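The data block below is run-v1.csv; it holds CSV, C-alpha atoms and all ligand atoms.
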```csv
chain,number,residue,atom,x,y,z
Q,1,MET,CA,132.0,52.0,147.3
Q,2,SER,CA,133.3,50.5,144.0
Q,3,PRO,CA,130.6,49.5,141.5
Q,4,LYS,CA,129.5,45.8,141.2
Q,5,PRO,CA,131.5,43.9,138.6
Q,6,HIS,CA,128.2,42.7,137.0
Q,7,ILE,CA,124.5,43.1,137.1
Q,8,SER,CA,121.5,41.2,135.6
Q,9,VAL,CA,119.3,42.8,132.8
Q,10,ASN,CA,116.3,40.7,131.6
Q,11,GLY,CA,118.1,37.7,133.1
Q,12,HIS,CA,121.3,38.4,131.0
Q,13,THR,CA,124.6,39.4,132.6
Q,14,HIS,CA,125.9,42.9,132.0
Q,15,VAL,CA,129.6,43.5,133.0
Q,16,LEU,CA,131.1,46.7,134.2
Q,17,TYR,CA,132.4,48.9,131.3
Q,18,GLN,CA,136.1,49.7,131.6
Q,19,GLU,CA,136.1,53.5,131.0
Q,20,ASN,CA,139.0,55.2,129.3
Q,21,ALA,CA,138.1,58.8,130.2
Q,22,LEU,CA,140.7,61.5,129.4
Q,23,SER,CA,141.1,65.0,130.6
Q,24,GLN,CA,139.8,67.7,128.2
Q,25,GLU,CA,143.4,68.6,127.4
Q,26,GLU,CA,144.2,65.0,126.6
Q,27,LEU,CA,141.0,64.6,124.6
Q,28,ILE,CA,142.0,67.5,122.3
Q,29,LYS,CA,145.5,66.2,121.9
Q,30,GLN,CA,144.5,62.6,121.2
Q,31,SER,CA,141.7,63.4,118.8
Q,32,GLN,CA,143.9,65.8,116.9
Q,33,ALA,CA,146.8,63.3,116.7
Q,34,PHE,CA,144.4,60.6,115.3
Q,35,TYR,CA,143.0,63.0,112.7
Q,36,THR,CA,146.5,64.0,111.6
Q,37,TYR,CA,147.4,60.4,111.2
Q,38,LEU,CA,144.2,59.3,109.5
Q,39,LYS,CA,144.1,62.1,107.0
Q,40,GLN,CA,147.3,60.7,105.4
Q,41,ARG,CA,145.3,57.6,104.3
Q,42,ARG,CA,144.9,57.3,100.6
Q,43,SER,CA,143.3,54.7,98.3
Q,44,ILE,CA,146.2,53.0,96.6
Q,45,ARG,CA,146.0,51.2,93.2
Q,46,GLU,CA,149.6,50.1,92.8
Q,47,TYR,CA,151.2,47.6,95.1
Q,48,ALA,CA,154.6,46.1,95.9
Q,49,ASP,CA,154.6,42.3,95.9
Q,50,THR,CA,156.3,42.3,99.3
Q,51,PRO,CA,154.7,39.7,101.6
Q,52,VAL,CA,152.7,40.6,104.7
Q,53,PRO,CA,152.6,38.1,107.5
Q,54,LYS,CA,149.3,36.2,107.9
Q,55,GLU,CA,149.3,37.1,111.6
Q,56,VAL,CA,149.0,40.8,110.6
Q,57,ILE,CA,145.9,40.0,108.4
Q,58,GLU,CA,144.4,38.0,111.3
Q,59,THR,CA,144.8,40.9,113.6
Q,60,LEU,CA,143.4,43.4,111.1
Q,61,ILE,CA,140.3,41.1,110.7
Q,62,LYS,CA,139.9,40.7,114.4
Q,63,THR,CA,140.0,44.5,114.7
Q,64,ALA,CA,137.3,45.0,112.0
Q,65,ALA,CA,135.2,42.3,113.7
Q,66,THR,CA,135.0,44.5,116.9
Q,67,ALA,CA,132.5,46.7,114.9
Q,68,PRO,CA,129.0,47.2,116.3
Q,69,SER,CA,126.3,45.3,114.5
Q,70,GLY,CA,122.5,45.1,114.5
Q,71,ALA,CA,121.4,43.0,117.5
Q,72,HIS,CA,125.1,41.9,117.7
Q,73,LYS,CA,124.6,39.4,114.9
Q,74,GLN,CA,128.1,40.1,113.4
Q,75,PRO,CA,126.7,39.5,109.9
Q,76,TRP,CA,130.1,39.3,108.1
Q,77,THR,CA,132.8,36.9,106.8
Q,78,PHE,CA,136.2,38.2,105.9
Q,79,CYS,CA,137.9,36.0,103.3
Q,80,ALA,CA,141.7,36.5,103.1
Q,81,VAL,CA,143.2,35.3,99.9
Q,82,SER,CA,147.0,35.0,99.3
Q,83,ASN,CA,146.8,31.9,97.1
Q,84,PRO,CA,148.3,33.0,93.7
Q,85,GLU,CA,146.1,30.8,91.5
Q,86,LEU,CA,143.0,32.1,93.3
Q,87,LYS,CA,144.1,35.7,93.0
Q,88,THR,CA,144.7,35.1,89.2
Q,89,LYS,CA,141.1,33.8,88.9
Q,90,ILE,CA,139.7,36.7,90.8
Q,91,ARG,CA,141.6,39.2,88.7
Q,92,ALA,CA,140.4,37.5,85.4
Q,93,ALA,CA,136.8,37.5,86.5
Q,94,ALA,CA,137.0,41.1,87.9
Q,95,GLU,CA,138.6,42.4,84.8
Q,96,ALA,CA,135.9,40.7,82.6
Q,97,GLU,CA,133.2,42.5,84.6
Q,98,GLU,CA,135.1,45.8,84.6
Q,99,LYS,CA,135.6,45.6,80.8
Q,100,GLU,CA,131.9,45.2,80.4
Q,101,SER,CA,131.3,48.1,82.8
Q,102,TYR,CA,133.8,50.5,81.2
Q,103,GLU,CA,132.7,49.6,77.7
Q,104,SER,CA,128.9,49.6,78.1
Q,105,ARG,CA,127.5,49.7,81.7
Q,106,MET,CA,128.9,53.0,83.0
Q,107,SER,CA,127.5,56.3,81.7
Q,108,GLU,CA,129.7,58.9,80.0
Q,109,ARG,CA,129.1,61.2,83.0
Q,110,TRP,CA,130.3,58.5,85.4
Q,111,LYS,CA,133.5,57.9,83.4
Q,112,LYS,CA,134.1,61.6,83.3
Q,113,ASP,CA,133.7,61.7,87.2
Q,114,LEU,CA,136.4,59.0,87.4
Q,115,GLU,CA,138.9,60.7,85.1
Q,116,PRO,CA,140.7,62.5,87.9
Q,117,LEU,CA,141.3,59.1,89.6
Q,118,GLY,CA,142.8,57.5,86.5
Q,119,THR,CA,141.0,54.2,86.9
Q,120,ASP,CA,140.4,51.8,84.0
Q,121,MET,CA,139.4,48.1,83.4
Q,122,HIS,CA,142.9,46.8,84.3
Q,123,LYS,CA,143.3,45.6,87.9
Q,124,PRO,CA,146.8,44.2,88.3
Q,125,PHE,CA,146.7,44.9,92.0
Q,126,LEU,CA,144.4,41.9,92.3
Q,127,GLU,CA,147.4,39.7,91.6
Q,128,VAL,CA,150.3,41.8,92.9
Q,129,ALA,CA,149.0,42.7,96.4
Q,130,PRO,CA,150.0,39.9,98.8
Q,131,TRP,CA,146.5,39.7,100.2
Q,132,LEU,CA,143.0,40.3,99.0
Q,133,ILE,CA,140.3,40.6,101.8
Q,134,VAL,CA,136.9,39.9,100.3
Q,135,VAL,CA,134.2,41.0,102.8
Q,136,PHE,CA,130.9,39.1,102.6
Q,137,LYS,CA,127.7,40.2,104.2
Q,138,LYS,CA,125.3,37.6,105.6
Q,139,VAL,CA,121.8,38.6,104.5
Q,140,HIS,CA,120.6,36.1,107.1
Q,141,ASP,CA,122.2,33.4,109.2
Q,142,LEU,CA,121.7,29.7,108.7
Q,143,GLY,CA,120.3,27.6,111.6
Q,144,ALA,CA,121.5,24.1,112.3
Q,145,ASN,CA,118.8,22.7,110.0
Q,146,GLY,CA,119.4,25.2,107.3
Q,147,GLU,CA,116.6,27.6,108.4
Q,148,LYS,CA,116.9,31.3,107.9
Q,149,LEU,CA,117.6,33.4,111.0
Q,150,ASN,CA,117.2,37.2,110.9
Q,151,ASN,CA,120.1,39.6,110.7
Q,152,TYR,CA,119.5,43.4,111.1
Q,153,TYR,CA,120.9,46.5,109.5
Q,154,VAL,CA,123.3,44.3,107.6
Q,155,ASN,CA,124.6,46.9,105.1
Q,156,GLU,CA,125.2,49.4,107.9
Q,157,SER,CA,126.9,46.8,110.1
Q,158,VAL,CA,129.2,45.5,107.4
Q,159,GLY,CA,129.9,49.0,106.1
Q,160,ILE,CA,131.1,50.1,109.6
Q,161,ALA,CA,133.3,47.0,109.9
Q,162,CYS,CA,134.8,47.8,106.5
Q,163,GLY,CA,135.6,51.3,107.7
Q,164,MET,CA,137.3,49.9,110.8
Q,165,LEU,CA,139.2,47.5,108.6
Q,166,ILE,CA,140.4,50.3,106.4
Q,167,THR,CA,141.5,52.3,109.5
Q,168,ALA,CA,143.3,49.3,111.0
Q,169,ILE,CA,145.1,48.7,107.7
Q,170,HIS,CA,146.3,52.3,107.6
Q,171,ASN,CA,147.3,52.1,111.3
Q,172,ALA,CA,149.5,49.0,110.5
Q,173,GLY,CA,151.4,51.1,107.9
Q,174,LEU,CA,149.8,49.2,105.0
Q,175,VAL,CA,147.6,50.4,102.2
Q,176,THR,CA,144.3,49.4,100.6
Q,177,LEU,CA,141.6,50.3,98.1
Q,178,THR,CA,137.9,49.9,98.3
Q,179,HIS,CA,137.4,47.9,95.1
Q,180,THR,CA,133.8,47.1,94.1
Q,181,PRO,CA,133.8,45.2,90.8
Q,182,SER,CA,130.2,45.1,89.7
Q,183,PRO,CA,128.5,42.8,89.7
Q,184,MET,CA,130.4,40.9,92.4
Q,185,ASN,CA,128.7,37.5,92.4
Q,186,PHE,CA,131.7,35.8,90.9
Q,187,LEU,CA,133.5,36.2,94.3
Q,188,ALA,CA,130.9,34.0,96.1
Q,189,ARG,CA,131.4,31.4,93.4
Q,190,LEU,CA,135.2,31.5,93.3
Q,191,LEU,CA,135.4,31.4,97.1
Q,192,ASN,CA,132.7,28.7,97.5
Q,193,ARG,CA,130.6,30.9,99.9
Q,194,PRO,CA,127.3,29.6,101.4
Q,195,SER,CA,124.0,30.7,100.0
Q,196,ASN,CA,123.4,33.3,102.7
Q,197,GLU,CA,126.6,35.4,101.9
Q,198,ARG,CA,126.9,38.2,99.3
Q,199,ALA,CA,130.1,39.9,98.3
Q,200,PHE,CA,130.2,43.4,99.8
Q,201,LEU,CA,133.7,44.8,99.2
Q,202,LEU,CA,137.1,43.7,98.0
Q,203,LEU,CA,140.2,45.2,99.7
Q,204,PRO,CA,143.7,44.5,98.4
Q,205,VAL,CA,146.2,44.8,101.3
Q,206,GLY,CA,149.9,45.3,101.1
Q,207,TYR,CA,152.7,47.8,100.8
Q,208,PRO,CA,152.5,50.5,98.1
Q,209,LYS,CA,154.7,50.2,95.0
Q,210,SER,CA,157.5,52.7,95.5
Q,211,PRO,CA,157.2,55.4,94.3
Q,212,THR,CA,153.4,55.7,94.1
Q,213,TYR,CA,151.5,58.8,93.0
Q,214,VAL,CA,147.9,59.5,94.1
Q,215,PRO,CA,145.4,62.0,92.7
Q,216,ASP,CA,146.0,65.6,93.9
Q,217,ILE,CA,142.5,65.9,95.4
Q,218,GLU,CA,141.2,67.7,98.5
Q,219,ARG,CA,138.8,66.7,101.2
Q,220,LYS,CA,135.8,69.0,101.9
Q,221,PRO,CA,136.4,71.4,104.8
Q,222,LEU,CA,134.6,70.9,108.1
Q,223,ASP,CA,132.0,73.6,107.3
Q,224,GLU,CA,130.9,71.7,104.2
Q,225,VAL,CA,130.5,68.4,105.9
Q,226,ALA,CA,129.2,69.3,109.4
Q,227,GLU,CA,126.4,71.4,110.9
Q,228,PHE,CA,126.4,72.1,114.6
Q,229,TYR,CA,123.2,72.7,116.5
Q,230,GLU,CA,124.3,74.1,119.9
U,301,LIG,N1,134.5,49.6,89.7
U,301,LIG,C1,135.2,50.4,88.7
U,301,LIG,C2,134.8,51.8,88.6
U,301,LIG,C3,135.0,52.7,89.7
U,301,LIG,C4,133.8,53.3,90.2
U,301,LIG,C5,134.0,54.2,91.2
U,301,LIG,I1,132.3,55.1,92.0
U,301,LIG,C6,135.2,54.6,91.7
U,301,LIG,O1,135.3,55.5,92.8
U,301,LIG,C7,136.4,54.0,91.2
U,301,LIG,C8,136.2,53.0,90.2
U,301,LIG,C9,136.7,50.2,88.9
U,301,LIG,O2,137.1,49.7,90.0
U,301,LIG,O3,137.5,50.7,88.1
```
So that I can check it, write out the structure of this file as structure tokens.
Amino acid sequence: MSPKPHISVNGHTHVLYQENALSQEELIKQSQAFYTYLKQRRSIREYADTPVPKEVIETLIKTAATAPSGAHKQPWTFCAVSNPELKTKIRAAAEAEEKESYESRMSERWKKDLEPLGTDMHKPFLEVAPWLIVVFKKVHDLGANGEKLNNYYVNESVGIACGMLITAIHNAGLVTLTHTPSPMNFLARLLNRPSNERAFLLLPVGYPKSPTYVPDIERKPLDEVAEFYE
């Protein structure tokens, strides 16, 4: 007998989950292939000004928004910016904060740790990349009369959605960078965000400048990042 298409839990409908189970052999092959593909992802700081269709950005955001979230509150807003004047304003404000950070806020130890990456206060990618996706977290929701409604595990939820966005960008054959100008409150101001939203992460999205070089760095091997308890 085939299972019922839906049941009731606490008076709420639960629908049948569409399983996608693979054989063990297929599991091994598929997980290996995805790893091989994903390990090619790199953070890219130099972009081509080649346009990327809006439809692609819409699909990437829909993909990120499939992320799990605390009590399914989906406490995020993805602001996609291609407007050149706005990108120029974002770059100017970000570089002003970065200048302050590099010149006085960051410790010598921190700057030493960044040396292999070759970063500095200049952020031309904020104007060159065809799109900037600014991810906002909703610290709470706003009810119809402006009242505060709880969200849960907001940082975890938005962090997971950003991980999925980065994965989707790589899967589309595009590149990005997790950029966190600090402090980031200028983004809420420039993008006119409501009082319940805080900037979480800024991701330029586009094609890499060609050719592009990336730091020759290694990822930790499995035995340094995993412990098995069998
Ligand atoms: N936000 C600065 C500094 C910076 C900090 C870390 I931690 C990095 O991994 C990279 C950069 C900047 O964007 O340059």
| task | Point out the residue among Q:Phe125, Q:Tyr35, Q:Trp131, Q:Tyr207 with the least atom-to-atom distance to Cys79 of chain Q, counting all atoms listed in the file. | result |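 Answer, going by the shortest atom-to-atom distance: Q:Trp131.
Note that the spacing between atom CA of Asn192 of chain Q and atom CA of Thr119 of chain Q amounts to 28.8 Å.
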| field | Straight-line distance linking atom CA of Pro84 of chain Q with atom CA of Leu132 of chain Q, stated in Å to one decimal | value |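 Distance reported for this atom pair: 10.5 Å.
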| Around (149.3, 49.1, 105.1) in the file's own coordinates, what residues are found within 12 Å if you use only C-alpha atoms, given back as a ChimeraX atom specification? | /Q:40-44,47-48,50-53,56-57,60,129-131,165-177,203-209
| task | Write out as a VMD selection string the residues lying within 10 Å of Gly118 of chain Q, counting all atoms listed in the file and excluding same-chain residues fewer than 4 positions away. | result | chain Q and resid 45 111 114 214 to 215
| query | Which residues sit within 7 Å of ligand LIG 301 (chain U), counting only C-alpha atoms and all ligand atoms, listed as number ranges by chain? | reply | Q: 98, 114, 119-121, 179-182
